[in-house]
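Asker: Take a look at this one; I'll ask things after.
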Amino acid sequence: MKITLNGETRELEQGLTVAMLVALLSGEEERDPRGVAIERNLEIVPKSEHASTVIEDGDQIEVVQFVGGG
């Protein structure tokens with residue numbers, strides 16, 4: 001299936017959940033999975049729903065990494 005991930009088209013497996021996507025991206029981009037927020041089709045996906053939210057063909061996903069600093 002094809003999705004738009006942070007503005008870029010990406011091919012993913014069917015049946016992938018938001019939690020699985022976060023784990024995949026964490027490995028690829030060395031992100032801390034605890035510090036990300038996911039937006040799916042312009043709506044924030046609560047962390048409590050990451051494991052049960054299945055990504056579908058055509059979804060637009062934005063991943064935001066929180067960073068600390070001062």
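Every chain in the structure tokens takes a letter, A first, then B, and so on in the order presented; its residues are numbered from 1, and the ligands are numbered from 1 following the presented order.
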Do you know which residues are at most 12 Å from A:Leu5 counting only C-alpha atoms, after dropping those on the same chain fewer than 5 positions away, and could you put them as JSON, numbers by chain?

Answerer: {"A": [10, 11, 12, 18, 21, 22, 25, 38, 39, 40, 41, 55, 57, 58, 59, 60, 61, 62, 63, 64]}

Asker: Can I get the selected residues back with C-alpha atoms, as a short mmCIF file (atom, residue, chain, number, x, y, z; two decimals), in the first residue's frame?

Answerer:
```
data_model
loop_
_atom_site.label_atom_id
_atom_site.label_comp_id
_atom_site.auth_asym_id
_atom_site.auth_seq_id
_atom_site.Cartn_x
_atom_site.Cartn_y
_atom_site.Cartn_z
CA ARG A 10 6.16 5.52 0.88
CA GLU A 11 5.29 1.89 0.16
CA LEU A 12 4.36 -0.18 3.24
CA VAL A 18 0.71 2.94 14.00
CA LEU A 21 5.23 2.10 12.02
CA VAL A 22 6.71 3.92 15.01
CA LEU A 25 10.86 4.39 11.96
CA ILE A 38 1.53 10.68 15.19
CA GLU A 39 -1.02 12.50 13.08
CA ARG A 40 -3.12 10.39 10.71
CA ASN A 41 -5.25 12.21 8.15
CA ILE A 55 -2.77 2.32 8.61
CA ASP A 57 -3.79 2.79 1.71
CA GLY A 58 -3.74 6.51 0.96
CA ASP A 59 -3.35 7.64 4.58
CA GLN A 60 -1.40 10.80 5.27
CA ILE A 61 0.87 10.31 8.28
CA GLU A 62 2.93 12.99 9.99
CA VAL A 63 5.47 12.00 12.63
CA VAL A 64 6.70 14.65 15.04
#
```

Asker: Can you tell me, as a ChimeraX atom specification, what residues are no more than 9 Å from A:Thr53 when counting only C-alpha atoms, ignoring any on the same chain fewer than 5 positions away?

Answerer: /A:16-19,45

Asker: Selected residues, N, CA and C atoms, written as a short mmCIF file (atom, residue, chain, number, x, y, z; two decimals), in the first residue's frame, please.

Answerer:
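This is the output file again.cif:
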```cif
data_model
loop_
_atom_site.label_atom_id
_atom_site.label_comp_id
_atom_site.auth_asym_id
_atom_site.auth_seq_id
_atom_site.Cartn_x
_atom_site.Cartn_y
_atom_site.Cartn_z
N LEU A 16 -0.25 -2.85 8.69
CA LEU A 16 0.67 -2.20 9.61
C LEU A 16 -0.10 -1.29 10.55
N THR A 17 0.20 -1.36 11.83
CA THR A 17 -0.43 -0.46 12.80
C THR A 17 0.46 0.75 13.02
N VAL A 18 -0.08 1.75 13.67
CA VAL A 18 0.71 2.94 14.00
C VAL A 18 1.88 2.55 14.89
N ALA A 19 1.65 1.66 15.87
CA ALA A 19 2.73 1.22 16.75
C ALA A 19 3.83 0.53 15.96
N VAL A 45 -3.30 10.69 16.72
CA VAL A 45 -3.63 9.34 17.19
C VAL A 45 -3.09 9.23 18.62
#
```

Asker: Taking the chain letters and numbering used in this document, name the residues of chain A that DSSP puts in strand (DSSP E), as a VMD selection string.

Answerer: chain A and resid 2 to 5 8 to 11 36 to 40 43 to 45 60 to 65

Asker: Can you tell me, as a list in words, which residues in stretch 7-62 of chain A count as helix (DSSP H, G or I) by DSSP?

Answerer: Val18, Ala19, Met20, Leu21, Val22, Ala23, Leu24, Leu25, Ser26, Gly27, Glu28, Glu29, Pro33, Arg34, Gly35, Lys47, Ser48 and Glu49 of chain A

Asker: Excluding A:Phe66 and residues on its chain fewer than 4 positions from it, collect all residues at most 8 Å away from it, counting only C-alpha atoms, and give them as a PDB file with all heavy atoms, in the first residue's frame.

Answerer:
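Contents of part_33.pdb, freshly written:
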```pdb
ATOM      1  N   GLY A  35       9.078   9.584  22.364  1.00  0.00           N
ATOM      2  CA  GLY A  35       8.975  11.020  22.155  1.00  0.00           C
ATOM      3  C   GLY A  35       8.385  11.419  20.819  1.00  0.00           C
ATOM      4  O   GLY A  35       8.744  12.455  20.281  1.00  0.00           O
ATOM      5  N   VAL A  36       7.503  10.583  20.265  1.00  0.00           N
ATOM      6  CA  VAL A  36       6.896  10.935  18.982  1.00  0.00           C
ATOM      7  C   VAL A  36       5.388  11.112  19.125  1.00  0.00           C
ATOM      8  O   VAL A  36       4.753  10.494  19.970  1.00  0.00           O
ATOM      9  CB  VAL A  36       7.174   9.879  17.883  1.00  0.00           C
ATOM     10  CG1 VAL A  36       8.641   9.792  17.570  1.00  0.00           C
ATOM     11  CG2 VAL A  36       6.622   8.542  18.230  1.00  0.00           C
ATOM     12  N   ALA A  37       4.868  11.970  18.283  1.00  0.00           N
ATOM     13  CA  ALA A  37       3.427  12.133  18.146  1.00  0.00           C
ATOM     14  C   ALA A  37       3.086  11.782  16.701  1.00  0.00           C
ATOM     15  O   ALA A  37       3.845  12.092  15.782  1.00  0.00           O
ATOM     16  CB  ALA A  37       3.005  13.558  18.457  1.00  0.00           C
TER      17      ALA A  37
END
```

Asker: Compare A:Lys2, A:Gln65, A:Ala51, A:Glu43 by their minimum atom-to-atom distance to A:Gln14, counting only C-alpha atoms, and give me the closest one.

Answerer: A:Lys2
